[in-house]
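Next comes my_file.txt, with compact mmCIF, C-alpha atoms.
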```txt
# COMPACT_ATOMS: atom_id res chain seq x y z
CA MET A 20 0.00 0.00 0.00
CA LYS A 21 1.25 3.47 -0.86
CA THR A 22 1.91 6.09 1.78
CA ILE A 23 0.84 9.72 1.58
CA VAL A 24 2.52 12.06 4.04
CA VAL A 25 0.62 15.26 4.76
CA ILE A 26 2.73 17.89 6.52
CA ASP A 27 1.37 21.04 8.13
CA GLY A 28 2.17 23.45 10.90
CA LYS A 29 0.54 26.20 12.94
CA GLY A 30 -3.07 25.00 13.50
CA GLY A 31 -3.03 22.24 10.87
CA GLY A 32 -5.98 23.65 8.93
CA VAL A 33 -4.66 23.07 5.41
CA GLY A 34 -3.44 19.57 6.22
CA SER A 35 -6.75 18.72 7.92
CA ALA A 36 -8.78 19.89 4.95
CA LEU A 37 -6.58 17.93 2.56
CA ILE A 38 -6.81 14.75 4.65
CA SER A 39 -10.60 15.09 4.89
CA ARG A 40 -10.79 15.40 1.11
CA LEU A 41 -8.48 12.41 0.52
CA LYS A 42 -10.53 10.28 2.91
CA ALA A 43 -13.81 11.38 1.28
CA GLU A 44 -12.40 10.31 -2.09
CA ASN A 45 -11.32 6.92 -0.66
CA VAL A 46 -7.79 7.30 -2.00
CA PRO A 47 -6.23 3.83 -1.65
CA ALA A 48 -3.26 4.75 0.53
CA ARG A 49 -2.13 5.09 4.12
CA VAL A 50 -2.29 8.76 5.15
CA LEU A 51 0.24 9.95 7.73
CA ALA A 52 -0.26 13.30 9.45
CA LEU A 53 3.04 14.97 10.28
CA GLY A 54 2.86 18.20 12.20
CA THR A 55 5.57 20.70 12.88
CA ASN A 56 3.79 21.01 16.24
CA ALA A 57 1.38 18.90 18.32
CA LEU A 58 -1.63 21.10 17.57
CA ALA A 59 -1.25 20.57 13.81
CA THR A 60 -0.77 16.82 14.23
CA SER A 61 -3.82 16.55 16.47
CA ALA A 62 -6.02 18.47 14.01
CA MET A 63 -4.94 16.24 11.11
CA LEU A 64 -5.56 13.08 13.14
CA ARG A 65 -9.08 14.32 13.91
CA ALA A 66 -9.56 14.85 10.16
CA GLY A 67 -9.05 11.12 9.61
CA ALA A 68 -5.34 10.45 9.14
CA ASP A 69 -4.35 6.84 9.70
CA ASP A 70 -1.46 7.76 11.96
CA GLY A 71 0.48 10.82 13.00
CA ALA A 72 3.66 12.14 14.52
CA THR A 73 5.15 15.48 15.44
CA GLY A 74 8.48 17.19 14.93
CA GLU A 75 11.58 17.30 12.83
CA ASN A 76 12.75 13.72 13.27
CA ALA A 77 9.33 12.27 12.43
CA ILE A 78 9.05 14.43 9.32
CA VAL A 79 12.55 13.57 8.09
CA ARG A 80 12.13 9.82 8.67
CA CYS A 81 8.63 9.52 7.23
CA CYS A 82 9.43 11.59 4.13
CA GLN A 83 12.17 9.07 3.29
CA ARG A 84 9.53 6.33 3.02
CA ALA A 85 6.68 8.35 1.50
CA ASP A 86 5.30 7.82 -1.98
CA VAL A 87 3.78 11.32 -1.98
CA VAL A 88 4.36 14.31 0.28
CA ALA A 89 1.62 16.93 0.33
CA GLY A 90 0.85 20.14 2.16
CA PRO A 91 1.15 23.90 1.96
CA ILE A 92 4.03 25.24 -0.12
CA GLY A 93 5.82 26.29 3.08
CA ILE A 94 6.75 22.68 3.85
CA VAL A 95 9.62 22.95 1.35
CA LEU A 96 10.75 26.41 2.52
CA ALA A 97 13.10 26.56 5.50
CA GLY A 98 11.83 29.10 8.02
CA ALA A 99 8.25 29.07 6.72
CA MET A 100 5.14 28.88 8.90
CA LEU A 101 6.44 31.49 11.33
CA GLY A 102 9.73 29.63 11.57
CA GLU A 103 8.26 26.20 12.35
CA VAL A 104 9.77 24.57 9.23
CA THR A 105 13.41 23.75 9.90
CA ASP A 106 16.07 23.31 7.23
CA ALA A 107 15.96 19.53 7.72
CA MET A 108 12.15 19.39 7.41
CA ALA A 109 12.15 21.44 4.21
CA ALA A 110 14.93 19.35 2.68
CA ALA A 111 13.19 16.08 3.54
CA ALA A 112 9.87 17.20 2.03
CA ALA A 113 11.60 18.57 -1.07
CA GLN A 114 13.52 15.35 -1.66
CA CYS A 115 10.48 13.09 -1.88
CA GLU A 116 9.99 11.82 -5.43
CA SER A 117 6.42 13.16 -5.67
CA ARG A 118 5.28 16.38 -4.02
CA VAL A 119 1.93 18.15 -4.15
CA LEU A 120 2.21 21.69 -2.81
CA ILE A 121 -0.68 24.03 -2.10
CA PRO A 122 0.18 27.69 -2.83
CA ASN A 123 -0.66 30.24 -0.20
CA ALA A 124 -0.03 33.97 -0.46
CA LYS A 125 0.41 34.09 3.33
CA SER A 126 3.71 32.27 2.87
CA GLY A 127 5.12 35.28 1.05
CA THR A 128 6.09 32.98 -1.81
CA TYR A 129 4.39 33.51 -5.13
CA VAL A 130 4.46 30.98 -7.95
CA CYS A 131 4.12 32.78 -11.26
CA GLY A 132 1.53 31.31 -13.59
CA VAL A 133 -0.56 29.83 -10.79
CA GLN A 134 -4.19 30.89 -10.83
CA GLU A 135 -5.60 32.77 -7.87
CA LEU A 136 -8.05 30.31 -6.37
CA THR A 137 -9.62 29.92 -2.98
CA LEU A 138 -7.90 27.65 -0.48
CA THR A 139 -10.80 25.20 -0.84
CA GLN A 140 -10.26 25.06 -4.61
CA TYR A 141 -6.52 24.49 -4.15
CA ILE A 142 -7.20 21.66 -1.69
CA GLU A 143 -9.60 20.03 -4.16
CA LEU A 144 -6.96 20.21 -6.91
CA ALA A 145 -4.28 18.89 -4.55
CA ALA A 146 -6.46 15.94 -3.49
CA ARG A 147 -7.10 15.02 -7.12
CA GLN A 148 -3.38 15.19 -7.96
CA VAL A 149 -2.42 13.08 -4.94
CA ALA A 150 -5.02 10.48 -5.98
CA ARG A 151 -3.57 10.40 -9.52
CA LEU A 152 -0.05 9.92 -8.17
CA VAL A 153 -1.12 7.12 -5.82
CA GLN A 154 -2.89 5.37 -8.67
CA GLY A 155 0.20 5.63 -10.89
CA ALA A 156 -0.92 8.41 -13.24
CA GLY A 157 0.34 11.96 -13.24
CA SER A 158 3.88 11.19 -12.13
CA PRO A 159 6.75 12.50 -14.23
CA LEU A 160 8.34 9.08 -13.80
CA ALA A 161 5.23 7.04 -14.69
```

Represent the structure from my file as structure tokens, please.
Amino acid sequence: MKTIVVIDGKGGGVGSALISRLKAENVPARVLALGTNALATSAMLRAGADDGATGENAIVRCCQRADVVAGPIGIVLAGAMLGEVTDAMAAAAAQCESRVLIPNAKSGTYVCGVQELTLTQYIELAARQVARLVQGAGSPLA
């Protein structure tokens, strides 16, 4: 079974919404909630994640085994989320073979060419892309 790692920080709202959407779509994978803090992990577990862990070591270790890493764009930016994302966390998330990142203007990082959508619309798109990757379509290596 494939493993989807969802990483979030602060209150875990983006990660929770993404996990809820993945579970509603019955994506055939194990979903791990990895929070940069306990509050984020707890929120994602309540959203239906299969398991969860908190902190730098958990994120680094689980990203090494993940088939897909997903979350807000800040998970690949050291110092993002008010400083919660460490260099090691960002590197681990960025090094996963398949990443699905949700843009967010609050991060202060703008991706040119990306449409301005609501967070809900971005989460819907992210859930669909994660499902395609888990099912073997949509990957640059597939």

Distance criterion (only C-alpha atoms): nearest to A:Ala77 out of A:Val119, A:Ala89, A:Val25, A:Val33: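 Of all the options, A:Val25 lies closest to A:Ala77.
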
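For the choices A:Ala52, A:Leu152, A:Ala112, A:Ile92, the atom-to-atom distance to A:Ala124 is smallest for A:Ile92 when using all atoms listed in the file.
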
Distance query A:Lys21 at most 7 Å, all atoms listed in the file, self and fewer than 2 positions along chain excluded, as a ChimeraX atom specification: /A:23,48-49,86,153

Residues within 7 Å of A:Gly90, all atoms listed in the file, excluding chain neighbours under 4 positions, as a VMD selection string: chain A and resid 25 to 27 34 94 119 to 121

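Counting all atoms listed in the file, A:Glu75 has the following residues at most 7 Å away, ignoring those fewer than 3 positions along the same chain: Thr55, Ile78, Val79 and Met108 of chain A.
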
From A:Ile38, A:Ala110, A:Ala85, A:Leu136, residue lying nearest A:Met20 [all atoms listed in the file]: A:Ala85

Protein/DNA/RNA residues near (7.4, 30.1, 8.2), cut 12 Å, all atoms listed in the file, as a list in words: Asp27, Gly28, Lys29, Thr55, Pro91, Ile92, Gly93, Ile94, Val95, Leu96, Ala97, Gly98, Ala99, Met100, Leu101, Gly102, Glu103, Val104, Thr105, Asp106, Met108, Ala109, Asn123, Lys125, Ser126, Gly127 and Thr128 of chain A

Around all of stretch 105-112 of chain A's listed atoms, make the axis-aligned box with 3 Å on each side and tell me centre and edge lengths in Å to one decimal, as JSON.
```
{"center_x": 13.0, "center_y": 19.9, "center_z": 6.0, "size_x": 12.2, "size_y": 13.7, "size_z": 13.9}
```

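Pairwise distance (atom CA of A:Val46, atom CA of A:Ala150) equals 5.8 Å.
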
Atomic separation - atom CA of A:Leu37 relative to atom CA of A:Pro122, Å: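 Separating atom CA of A:Pro122 from atom CA of A:Leu37 is a distance of 13.0 Å.
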
Test item: residues at most 10 Å from A:Ser61, all atoms listed in the file, excluding those fewer than 6 positions along its chain, as a list in words: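 Contacts, in chain order: Gly30, Gly31, Ser35, Ala52, Leu53, Gly54, Ala68, Gly71, Ala72 and Thr73 of chain A.
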
Write the residues of the preceding selection, restricted to C-alpha atoms, as a PDB file, in the frame of the given file.
```pdb
ATOM      1  CA  GLY A  30      -3.070  25.000  13.500  1.00  0.00           C
ATOM      2  CA  GLY A  31      -3.030  22.240  10.870  1.00  0.00           C
ATOM      3  CA  SER A  35      -6.750  18.720   7.920  1.00  0.00           C
ATOM      4  CA  ALA A  52      -0.260  13.300   9.450  1.00  0.00           C
ATOM      5  CA  LEU A  53       3.040  14.970  10.280  1.00  0.00           C
ATOM      6  CA  GLY A  54       2.860  18.200  12.200  1.00  0.00           C
ATOM      7  CA  ALA A  68      -5.340  10.450   9.140  1.00  0.00           C
ATOM      8  CA  GLY A  71       0.480  10.820  13.000  1.00  0.00           C
ATOM      9  CA  ALA A  72       3.660  12.140  14.520  1.00  0.00           C
ATOM     10  CA  THR A  73       5.150  15.480  15.440  1.00  0.00           C
TER      11      THR A  73
END
```
